[in-house]
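Visitor: protein.pdb is the file, holding PDB, C-alpha atoms and all ligand atoms:
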ATOM      1  CA  MET A  19      20.802   1.113  -6.116  1.00  0.00           C
ATOM      2  CA  ARG A  20      21.157   2.922  -9.453  1.00  0.00           C
ATOM      3  CA  TRP A  21      18.296   5.313 -10.138  1.00  0.00           C
ATOM      4  CA  PRO A  22      16.083   4.802 -13.158  1.00  0.00           C
ATOM      5  CA  ALA A  23      16.428   7.539 -15.774  1.00  0.00           C
ATOM      6  CA  ALA A  24      13.878  10.363 -15.689  1.00  0.00           C
ATOM      7  CA  ARG A  25      12.300   9.204 -18.956  1.00  0.00           C
ATOM      8  CA  ALA A  26      11.860   5.665 -17.622  1.00  0.00           C
ATOM      9  CA  VAL A  27      10.235   7.068 -14.489  1.00  0.00           C
ATOM     10  CA  ARG A  28       7.821   9.156 -16.542  1.00  0.00           C
ATOM     11  CA  ARG A  29       6.872   6.202 -18.729  1.00  0.00           C
ATOM     12  CA  PHE A  30       6.278   4.064 -15.660  1.00  0.00           C
ATOM     13  CA  GLN A  31       4.063   6.720 -14.059  1.00  0.00           C
ATOM     14  CA  GLN A  32       2.029   7.262 -17.215  1.00  0.00           C
ATOM     15  CA  ARG A  33       1.559   3.565 -17.918  1.00  0.00           C
ATOM     16  CA  LEU A  34       0.609   2.789 -14.354  1.00  0.00           C
ATOM     17  CA  LEU A  35      -1.938   5.595 -14.137  1.00  0.00           C
ATOM     18  CA  ALA A  36      -3.457   4.581 -17.480  1.00  0.00           C
ATOM     19  CA  TRP A  37      -3.652   0.989 -16.262  1.00  0.00           C
ATOM     20  CA  TYR A  38      -5.367   2.138 -13.062  1.00  0.00           C
ATOM     21  CA  ARG A  39      -8.019   4.091 -14.937  1.00  0.00           C
ATOM     22  CA  ARG A  40      -8.959   0.844 -16.670  1.00  0.00           C
ATOM     23  CA  HIS A  41      -8.388  -1.769 -14.009  1.00  0.00           C
ATOM     24  CA  GLY A  42      -8.409  -0.050 -10.602  1.00  0.00           C
ATOM     25  CA  ARG A  43     -10.683  -1.627  -8.005  1.00  0.00           C
ATOM     26  CA  ASP A  44     -13.663   0.184  -6.560  1.00  0.00           C
ATOM     27  CA  LEU A  45     -13.045  -0.106  -2.808  1.00  0.00           C
ATOM     28  CA  PRO A  46     -14.995   1.678  -0.059  1.00  0.00           C
ATOM     29  CA  TRP A  47     -11.952   3.392   1.461  1.00  0.00           C
ATOM     30  CA  ARG A  48     -11.254   4.990  -1.909  1.00  0.00           C
ATOM     31  CA  ARG A  49     -14.423   7.042  -1.551  1.00  0.00           C
ATOM     32  CA  THR A  50     -13.179   9.003   1.424  1.00  0.00           C
ATOM     33  CA  ARG A  51     -10.334  11.318   2.346  1.00  0.00           C
ATOM     34  CA  ASP A  52     -11.119  11.011   6.036  1.00  0.00           C
ATOM     35  CA  ALA A  53      -7.853  10.140   7.804  1.00  0.00           C
ATOM     36  CA  TYR A  54      -9.538   8.014  10.468  1.00  0.00           C
ATOM     37  CA  ARG A  55     -11.380   5.889   7.891  1.00  0.00           C
ATOM     38  CA  ILE A  56      -8.194   5.477   5.906  1.00  0.00           C
ATOM     39  CA  LEU A  57      -6.344   4.452   9.048  1.00  0.00           C
ATOM     40  CA  VAL A  58      -9.006   1.818   9.811  1.00  0.00           C
ATOM     41  CA  SER A  59      -8.726   0.395   6.293  1.00  0.00           C
ATOM     42  CA  GLU A  60      -4.927   0.315   6.387  1.00  0.00           C
ATOM     43  CA  VAL A  61      -4.816  -1.441   9.746  1.00  0.00           C
ATOM     44  CA  MET A  62      -7.399  -3.988   8.585  1.00  0.00           C
ATOM     45  CA  LEU A  63      -5.513  -4.636   5.365  1.00  0.00           C
ATOM     46  CA  GLN A  64      -2.367  -5.590   7.260  1.00  0.00           C
ATOM     47  CA  GLN A  65      -2.407  -9.405   7.142  1.00  0.00           C
ATOM     48  CA  THR A  66      -5.955  -9.680   5.700  1.00  0.00           C
ATOM     49  CA  GLN A  67      -7.273 -10.042   2.146  1.00  0.00           C
ATOM     50  CA  VAL A  68      -9.332  -7.233   0.636  1.00  0.00           C
ATOM     51  CA  ASP A  69     -12.520  -9.292   0.200  1.00  0.00           C
ATOM     52  CA  ARG A  70     -12.578 -10.156   3.913  1.00  0.00           C
ATOM     53  CA  VAL A  71     -11.814  -6.586   4.922  1.00  0.00           C
ATOM     54  CA  VAL A  72     -14.638  -4.859   2.981  1.00  0.00           C
ATOM     55  CA  PRO A  73     -17.643  -6.060   5.069  1.00  0.00           C
ATOM     56  CA  LYS A  74     -15.770  -5.693   8.360  1.00  0.00           C
ATOM     57  CA  TYR A  75     -14.608  -2.190   7.426  1.00  0.00           C
ATOM     58  CA  ARG A  76     -18.239  -1.159   6.872  1.00  0.00           C
ATOM     59  CA  GLU A  77     -19.423  -2.811  10.077  1.00  0.00           C
ATOM     60  CA  PHE A  78     -16.602  -1.281  12.115  1.00  0.00           C
ATOM     61  CA  LEU A  79     -17.324   2.229  10.858  1.00  0.00           C
ATOM     62  CA  ARG A  80     -21.046   1.875  11.494  1.00  0.00           C
ATOM     63  CA  ARG A  81     -20.209   1.067  15.114  1.00  0.00           C
ATOM     64  CA  TYR A  82     -17.277   3.495  15.502  1.00  0.00           C
ATOM     65  CA  PRO A  83     -17.702   6.241  12.899  1.00  0.00           C
ATOM     66  CA  THR A  84     -15.214   8.665  14.470  1.00  0.00           C
ATOM     67  CA  VAL A  85     -11.999   8.729  16.464  1.00  0.00           C
ATOM     68  CA  ARG A  86     -13.996   9.990  19.420  1.00  0.00           C
ATOM     69  CA  ARG A  87     -16.455   7.072  19.316  1.00  0.00           C
ATOM     70  CA  LEU A  88     -13.675   4.524  19.062  1.00  0.00           C
ATOM     71  CA  ALA A  89     -11.699   6.132  21.878  1.00  0.00           C
ATOM     72  CA  ALA A  90     -14.767   5.974  24.127  1.00  0.00           C
ATOM     73  CA  ALA A  91     -15.495   2.320  23.336  1.00  0.00           C
ATOM     74  CA  ASP A  92     -14.741  -0.594  25.587  1.00  0.00           C
ATOM     75  CA  VAL A  93     -11.598  -2.248  24.236  1.00  0.00           C
ATOM     76  CA  GLY A  94     -13.012  -5.745  24.753  1.00  0.00           C
ATOM     77  CA  GLU A  95     -15.994  -4.857  22.603  1.00  0.00           C
ATOM     78  CA  VAL A  96     -13.721  -3.480  19.880  1.00  0.00           C
ATOM     79  CA  ARG A  97     -11.740  -6.677  19.972  1.00  0.00           C
ATOM     80  CA  ARG A  98     -14.861  -8.849  19.716  1.00  0.00           C
ATOM     81  CA  LEU A  99     -16.103  -6.942  16.685  1.00  0.00           C
ATOM     82  CA  TRP A 100     -12.696  -7.328  15.054  1.00  0.00           C
ATOM     83  CA  TYR A 101     -12.282 -10.974  15.960  1.00  0.00           C
ATOM     84  CA  PRO A 102     -13.057 -12.649  12.560  1.00  0.00           C
ATOM     85  CA  LEU A 103     -10.127 -10.747  10.997  1.00  0.00           C
ATOM     86  CA  GLY A 104      -7.667 -12.441  13.356  1.00  0.00           C
ATOM     87  CA  TYR A 105      -4.256 -11.021  14.365  1.00  0.00           C
ATOM     88  CA  ASN A 106      -5.816  -9.432  17.400  1.00  0.00           C
ATOM     89  CA  VAL A 107      -3.171  -6.949  18.407  1.00  0.00           C
ATOM     90  CA  ARG A 108      -4.517  -4.709  15.635  1.00  0.00           C
ATOM     91  CA  PRO A 109      -7.792  -3.629  17.328  1.00  0.00           C
ATOM     92  CA  LEU A 110      -5.856  -2.874  20.500  1.00  0.00           C
ATOM     93  CA  ARG A 111      -3.478  -0.649  18.587  1.00  0.00           C
ATOM     94  CA  LEU A 112      -6.270   1.068  16.736  1.00  0.00           C
ATOM     95  CA  HIS A 113      -8.058   1.746  19.992  1.00  0.00           C
ATOM     96  CA  ALA A 114      -4.840   3.113  21.515  1.00  0.00           C
ATOM     97  CA  ILE A 115      -4.302   5.342  18.468  1.00  0.00           C
ATOM     98  CA  ALA A 116      -7.828   6.721  18.825  1.00  0.00           C
ATOM     99  CA  ARG A 117      -7.259   7.549  22.485  1.00  0.00           C
ATOM    100  CA  GLU A 118      -3.932   9.203  21.833  1.00  0.00           C
ATOM    101  CA  THR A 119      -5.281  11.142  18.849  1.00  0.00           C
ATOM    102  CA  LEU A 120      -8.101  12.444  20.981  1.00  0.00           C
ATOM    103  CA  ALA A 121      -5.820  13.327  23.886  1.00  0.00           C
ATOM    104  CA  ARG A 122      -3.025  14.954  21.885  1.00  0.00           C
ATOM    105  CA  TYR A 123      -4.563  16.130  18.627  1.00  0.00           C
ATOM    106  CA  ARG A 124      -8.211  16.799  19.514  1.00  0.00           C
ATOM    107  CA  GLY A 125      -9.347  13.801  17.518  1.00  0.00           C
ATOM    108  CA  ARG A 126      -7.647  14.719  14.223  1.00  0.00           C
ATOM    109  CA  LEU A 127      -4.858  12.423  13.076  1.00  0.00           C
ATOM    110  CA  PRO A 128      -1.685  14.431  12.467  1.00  0.00           C
ATOM    111  CA  GLU A 129      -0.272  15.044   8.971  1.00  0.00           C
ATOM    112  CA  ASP A 130       3.367  15.123   9.980  1.00  0.00           C
ATOM    113  CA  GLU A 131       5.238  11.866   9.439  1.00  0.00           C
ATOM    114  CA  ARG A 132       7.109  11.974  12.730  1.00  0.00           C
ATOM    115  CA  ALA A 133       3.952  12.666  14.709  1.00  0.00           C
ATOM    116  CA  LEU A 134       2.124   9.860  12.931  1.00  0.00           C
ATOM    117  CA  ARG A 135       4.930   7.417  13.624  1.00  0.00           C
ATOM    118  CA  ARG A 136       4.830   8.188  17.323  1.00  0.00           C
ATOM    119  CA  LEU A 137       1.297   6.746  17.445  1.00  0.00           C
ATOM    120  CA  PRO A 138       1.077   3.114  18.642  1.00  0.00           C
ATOM    121  CA  GLY A 139       1.959   0.633  15.906  1.00  0.00           C
ATOM    122  CA  VAL A 140       2.140   3.221  13.096  1.00  0.00           C
ATOM    123  CA  GLY A 141       5.122   2.491  10.876  1.00  0.00           C
ATOM    124  CA  ARG A 142       6.460   4.138   7.785  1.00  0.00           C
ATOM    125  CA  TYR A 143       3.979   2.431   5.475  1.00  0.00           C
ATOM    126  CA  THR A 144       0.867   3.435   7.438  1.00  0.00           C
ATOM    127  CA  ALA A 145       2.152   6.972   7.940  1.00  0.00           C
ATOM    128  CA  GLY A 146       2.803   7.252   4.183  1.00  0.00           C
ATOM    129  CA  ALA A 147      -0.673   5.931   3.378  1.00  0.00           C
ATOM    130  CA  ILE A 148      -2.382   8.446   5.676  1.00  0.00           C
ATOM    131  CA  ARG A 149      -0.288  11.328   4.383  1.00  0.00           C
ATOM    132  CA  ALA A 150      -0.899  10.452   0.723  1.00  0.00           C
ATOM    133  CA  PHE A 151      -4.511   9.243   0.876  1.00  0.00           C
ATOM    134  CA  ALA A 152      -5.975  11.602   3.464  1.00  0.00           C
ATOM    135  CA  TYR A 153      -3.853  14.720   3.264  1.00  0.00           C
ATOM    136  CA  GLY A 154      -2.603  14.727  -0.326  1.00  0.00           C
ATOM    137  CA  HIS A 155       1.136  14.716   0.421  1.00  0.00           C
ATOM    138  CA  ASP A 156       3.546  13.285  -2.126  1.00  0.00           C
ATOM    139  CA  ALA A 157       4.379  10.416   0.215  1.00  0.00           C
ATOM    140  CA  ALA A 158       5.437   6.957  -0.916  1.00  0.00           C
ATOM    141  CA  VAL A 159       4.037   3.642   0.278  1.00  0.00           C
ATOM    142  CA  LEU A 160       6.011   0.428   0.238  1.00  0.00           C
ATOM    143  CA  ASP A 161       4.497  -2.969   0.958  1.00  0.00           C
ATOM    144  CA  THR A 162       5.320  -6.398  -0.415  1.00  0.00           C
ATOM    145  CA  ASN A 163       3.240  -5.844  -3.564  1.00  0.00           C
ATOM    146  CA  VAL A 164       4.878  -2.505  -4.310  1.00  0.00           C
ATOM    147  CA  ARG A 165       8.341  -3.892  -3.670  1.00  0.00           C
ATOM    148  CA  ARG A 166       7.733  -6.809  -6.026  1.00  0.00           C
ATOM    149  CA  VAL A 167       6.540  -4.531  -8.839  1.00  0.00           C
ATOM    150  CA  LEU A 168       9.438  -2.092  -8.469  1.00  0.00           C
ATOM    151  CA  GLY A 169      11.957  -4.914  -8.216  1.00  0.00           C
ATOM    152  CA  ARG A 170      10.667  -6.609 -11.344  1.00  0.00           C
ATOM    153  CA  VAL A 171      10.259  -3.486 -13.464  1.00  0.00           C
ATOM    154  CA  PHE A 172      13.361  -1.499 -12.503  1.00  0.00           C
ATOM    155  CA  LEU A 173      15.873  -4.099 -11.320  1.00  0.00           C
ATOM    156  CA  GLY A 174      15.264  -7.572 -12.701  1.00  0.00           C
ATOM    157  CA  PRO A 175      16.450 -10.738 -10.982  1.00  0.00           C
ATOM    158  CA  ARG A 176      20.214 -10.117 -11.005  1.00  0.00           C
ATOM    159  CA  ARG A 177      20.224  -6.558  -9.695  1.00  0.00           C
ATOM    160  CA  LEU A 178      17.422  -7.411  -7.291  1.00  0.00           C
ATOM    161  CA  ALA A 179      19.652  -9.933  -5.563  1.00  0.00           C
ATOM    162  CA  ARG A 180      22.189  -7.185  -4.818  1.00  0.00           C
ATOM    163  CA  VAL A 181      19.794  -4.742  -3.110  1.00  0.00           C
ATOM    164  CA  ARG A 182      20.427  -4.478   0.613  1.00  0.00           C
ATOM    165  CA  GLY A 183      18.392  -2.674   3.240  1.00  0.00           C
ATOM    166  CA  GLU A 184      15.079  -0.899   3.432  1.00  0.00           C
ATOM    167  CA  LYS A 185      16.398   2.564   2.694  1.00  0.00           C
ATOM    168  CA  ALA A 186      17.148   1.814  -0.948  1.00  0.00           C
ATOM    169  CA  TRP A 187      13.576   0.622  -1.495  1.00  0.00           C
ATOM    170  CA  TRP A 188      12.038   3.629   0.174  1.00  0.00           C
ATOM    171  CA  ASP A 189      14.289   5.952  -1.818  1.00  0.00           C
ATOM    172  CA  LEU A 190      13.227   4.282  -5.049  1.00  0.00           C
ATOM    173  CA  ALA A 191       9.521   4.330  -4.132  1.00  0.00           C
ATOM    174  CA  GLY A 192       9.779   7.998  -3.114  1.00  0.00           C
ATOM    175  CA  ALA A 193      11.531   8.996  -6.352  1.00  0.00           C
ATOM    176  CA  LEU A 194       8.719   7.529  -8.446  1.00  0.00           C
ATOM    177  CA  VAL A 195       5.756   9.367  -6.917  1.00  0.00           C
ATOM    178  CA  PRO A 196       4.534  11.975  -9.435  1.00  0.00           C
ATOM    179  CA  ARG A 197       4.072  15.380  -7.882  1.00  0.00           C
ATOM    180  CA  GLY A 198       0.456  15.996  -6.913  1.00  0.00           C
ATOM    181  CA  ARG A 199      -0.645  12.485  -7.953  1.00  0.00           C
ATOM    182  CA  ALA A 200       0.399  10.423  -4.925  1.00  0.00           C
ATOM    183  CA  TYR A 201      -3.137   9.257  -4.224  1.00  0.00           C
ATOM    184  CA  ASP A 202      -3.834   7.639  -7.594  1.00  0.00           C
ATOM    185  CA  PHE A 203      -0.253   6.553  -8.131  1.00  0.00           C
ATOM    186  CA  ASN A 204       0.046   4.686  -4.837  1.00  0.00           C
ATOM    187  CA  GLN A 205      -3.394   3.107  -5.141  1.00  0.00           C
ATOM    188  CA  ALA A 206      -2.493   2.060  -8.668  1.00  0.00           C
ATOM    189  CA  LEU A 207       0.802   0.547  -7.596  1.00  0.00           C
ATOM    190  CA  MET A 208      -0.852  -1.499  -4.870  1.00  0.00           C
ATOM    191  CA  ASP A 209      -3.615  -2.709  -7.204  1.00  0.00           C
ATOM    192  CA  PHE A 210      -1.144  -3.537  -9.933  1.00  0.00           C
ATOM    193  CA  GLY A 211       0.893  -5.675  -7.521  1.00  0.00           C
ATOM    194  CA  ALA A 212      -2.157  -7.323  -5.974  1.00  0.00           C
ATOM    195  CA  THR A 213      -4.054  -8.156  -9.149  1.00  0.00           C
ATOM    196  CA  TRP A 214      -1.711  -8.059 -12.138  1.00  0.00           C
ATOM    197  CA  CYS A 215       1.996  -8.426 -11.368  1.00  0.00           C
ATOM    198  CA  THR A 216       1.259 -11.140  -8.812  1.00  0.00           C
ATOM    199  CA  PRO A 217       3.877 -13.330  -7.121  1.00  0.00           C
ATOM    200  CA  ARG A 218       3.292 -16.546  -9.082  1.00  0.00           C
ATOM    201  CA  ARG A 219       1.277 -15.769 -12.189  1.00  0.00           C
ATOM    202  CA  PRO A 220       1.942 -12.229 -13.396  1.00  0.00           C
ATOM    203  CA  ARG A 221       0.067 -11.315 -16.562  1.00  0.00           C
ATOM    204  CA  CYS A 222       3.155 -10.470 -18.571  1.00  0.00           C
ATOM    205  CA  GLY A 223       1.653 -11.279 -21.965  1.00  0.00           C
ATOM    206  CA  ASP A 224      -0.603  -8.202 -22.088  1.00  0.00           C
ATOM    207  CA  CYS A 225       1.173  -6.041 -19.519  1.00  0.00           C
ATOM    208  CA  VAL A 226       1.596  -2.307 -20.127  1.00  0.00           C
ATOM    209  CA  MET A 227       5.038  -2.435 -18.476  1.00  0.00           C
ATOM    210  CA  LYS A 228       6.569  -5.064 -20.681  1.00  0.00           C
ATOM    211  CA  PRO A 229       8.479  -2.717 -23.045  1.00  0.00           C
ATOM    212  CA  ASP A 230      10.640  -1.563 -20.086  1.00  0.00           C
ATOM    213  CA  CYS A 231      10.251  -4.347 -17.532  1.00  0.00           C
ATOM    214  CA  ARG A 232      13.574  -5.913 -16.572  1.00  0.00           C
ATOM    215  CA  SER A 233      11.885  -9.154 -15.573  1.00  0.00           C
ATOM    216  CA  TYR A 234       9.784  -9.667 -18.693  1.00  0.00           C
ATOM    217  CA  PRO A 235       8.859 -12.413 -19.314  1.00  0.00           C
ATOM    218  CA  PHE A 236       8.343 -13.738 -15.831  1.00  0.00           C
ATOM    219  CA  PRO A 237       9.209 -16.448 -15.004  1.00  0.00           C
ATOM    220  CA  ALA A 238      12.281 -16.307 -17.234  1.00  0.00           C
ATOM    221  CA  PRO A 239      12.596 -19.074 -19.856  1.00  0.00           C
ATOM    222  CA  ALA A 240      15.228 -21.687 -18.952  1.00  0.00           C
ATOM    223  CA  ALA A 241      17.875 -22.761 -21.444  1.00  0.00           C
ATOM    224  CA  ASN A 242      15.829 -25.850 -22.382  1.00  0.00           C
ATOM    225  CA  GLY A 243      12.765 -23.704 -23.114  1.00  0.00           C
ATOM    226  CA  ALA A 244      10.975 -24.554 -19.856  1.00  0.00           C
ATOM    227  CA  ARG A 245       9.879 -21.654 -17.636  1.00  0.00           C
ATOM    228  CA  ARG A 246      11.714 -21.035 -14.420  1.00  0.00           C
ATOM    229  CA  ALA A 247      11.322 -18.359 -11.783  1.00  0.00           C
ATOM    230  CA  PRO A 248      14.496 -16.370 -11.020  1.00  0.00           C
TER     231      PRO A 248
HETATM  232  S1  LIG B 301       5.836  -7.560 -17.607  1.00  0.00           S
HETATM  233 FE1  LIG B 301       5.318  -9.166 -16.114  1.00  0.00          FE
HETATM  234  S2  LIG B 301       6.873  -8.984 -14.486  1.00  0.00           S
HETATM  235 FE2  LIG B 301       6.921  -7.096 -15.689  1.00  0.00          FE
HETATM  236  S3  LIG B 301       5.534  -5.683 -14.615  1.00  0.00           S
HETATM  237 FE3  LIG B 301       4.317  -6.721 -16.180  1.00  0.00          FE
HETATM  238  S4  LIG B 301       3.394  -8.473 -15.154  1.00  0.00           S
HETATM  239 FE4  LIG B 301       5.099  -7.757 -13.846  1.00  0.00          FE
END
Render the structure in this file as structure tokens.
Ligand code: SF4
Guide:
Amino acid sequence: MRWPAARAVRRFQQRLLAWYRRHGRDLPWRRTRDAYRILVSEVMLQQTQVDRVVPKYREFLRRYPTVRRLAAADVGEVRRLWYPLGYNVRPLRLHAIARETLARYRGRLPEDERALRRLPGVGRYTAGAIRAFAYGHDAAVLDTNVRRVLGRVFLGPRRLARVRGEKAWWDLAGALVPRGRAYDFNQALMDFGATWCTPRRPRCGDCVMKPDCRSYPFPAPAANGARRAP
């Protein structure tokens, strides 16, 4: 994958952060830097929409406010509380993470990426989210929303079709994170993908990215003037 020029990266960062100041969502896990609370939110958000996660996130943390309390809980009870969110391997993993964190790290989630990824079910995305959102590291996050935004803005449909493998995406995401601003930048990128540059109806007409976006307008106009998605 060819890297975007430094000036294009800077413009993207500035536009995205300005967009976030205006349009960013007020979500309960954005009011904490506690690694455990951020972990809970990230695990809940896997496979579940934000509006369903918010009340369950609050309920879960009222019942299990710390790693220690979750580790001591009966796993069946944890699973029952989680149940309306579905995909029920997640509470089991979270419970296992709490136990391991207590046993190996005295109840404090580690900052190191390799240590985080040794915890049950913690992949590169979740490790990046904890490092950036709880510990302030310049770590990237890459989910389907982020990938869609980066693909549309920096690649466009033709170059996008030639990208192979995860590494190229992670390298691109990592190269875009502004030093010292990973928290806002990553939150902004996820919000922008979830609410603005959406899969089917991106708001291209009044988008801050359109001067540089390689997919503008999306979907691309067909030769006969009709709109077609690439
Ligand atoms: S111009 Fe359209 S496709 Fe490009 S980033 Fe904005 S919303 Fe997404």
Visitor: Please, what distance in Å, to one decimal, runs between atom CA of A:Ile56 and atom CA of A:Asp130?
Guide: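 Pair atom CA of A:Ile56 / atom CA of A:Asp130 returns 15.6 Å.
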Visitor: Return as a PyMOL selection string every polymer residue, whether protein, DNA or RNA, with at least one atom no more than 6 Å from an atom of ligand LIG 301 (chain B); count only C-alpha atoms and all ligand atoms.
Guide: chain A and resi 167+170-171+214-215+220-222+225+227-228+231+233-236
Visitor: Can you tell me, as a PyMOL selection string, what residues are no more than 9 Å from A:Val164 when counting only C-alpha atoms, ignoring any on the same chain fewer than 3 positions away?
Guide: chain A and resi 159-161+167-169+191+204+207-212
Visitor: With all atoms listed in the file as the basis for distance, which of A:Ala200, A:Tyr82, A:Gly104, A:Trp37 is at the shortest distance from A:Gln67?
Guide: A:Gly104
Visitor: Tell me which of A:Trp21, A:Trp187, A:Phe30, A:Tyr105 sits closest to A:Leu63, counting all atoms listed in the file.
Guide: A:Tyr105
Visitor: Do you have the atom CA of A:Gly192-atom CA of A:Tyr143 distance handy?
Guide: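 Spanning atom CA of A:Gly192 to atom CA of A:Tyr143 is a straight-line distance of 11.8 Å.
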Visitor: On this structure, which residues satisfy the PyMOL selection byres (((chain A and resi 128) around 10) and not hetatm), written as an MDAnalysis selection string?
Guide: chainID A and resid 53 119 122:127 129:135 137 145 148:149 153
Visitor: Quick one: write out the picked residues with C-alpha atoms as an mmCIF file, in the coordinates of the input?
Guide:
data_model
loop_
_atom_site.group_PDB
_atom_site.id
_atom_site.type_symbol
_atom_site.label_atom_id
_atom_site.label_comp_id
_atom_site.auth_asym_id
_atom_site.auth_seq_id
_atom_site.Cartn_x
_atom_site.Cartn_y
_atom_site.Cartn_z
ATOM 1 C CA ALA A 53 -7.853 10.140 7.804
ATOM 2 C CA THR A 119 -5.281 11.142 18.849
ATOM 3 C CA ARG A 122 -3.025 14.954 21.885
ATOM 4 C CA TYR A 123 -4.563 16.130 18.627
ATOM 5 C CA ARG A 124 -8.211 16.799 19.514
ATOM 6 C CA GLY A 125 -9.347 13.801 17.518
ATOM 7 C CA ARG A 126 -7.647 14.719 14.223
ATOM 8 C CA LEU A 127 -4.858 12.423 13.076
ATOM 9 C CA GLU A 129 -0.272 15.044 8.971
ATOM 10 C CA ASP A 130 3.367 15.123 9.980
ATOM 11 C CA GLU A 131 5.238 11.866 9.439
ATOM 12 C CA ARG A 132 7.109 11.974 12.730
ATOM 13 C CA ALA A 133 3.952 12.666 14.709
ATOM 14 C CA LEU A 134 2.124 9.860 12.931
ATOM 15 C CA ARG A 135 4.930 7.417 13.624
ATOM 16 C CA LEU A 137 1.297 6.746 17.445
ATOM 17 C CA ALA A 145 2.152 6.972 7.940
ATOM 18 C CA ILE A 148 -2.382 8.446 5.676
ATOM 19 C CA ARG A 149 -0.288 11.328 4.383
ATOM 20 C CA TYR A 153 -3.853 14.720 3.264
#
Visitor: Pull out every residue that the PyMOL selection byres (((chain A and resi 151) around 12) and not hetatm) matches in the shown coordinates and put them as a VMD selection string.
Guide: chain A and resid 47 to 57 59 to 60 129 143 to 150 152 to 159 198 to 205
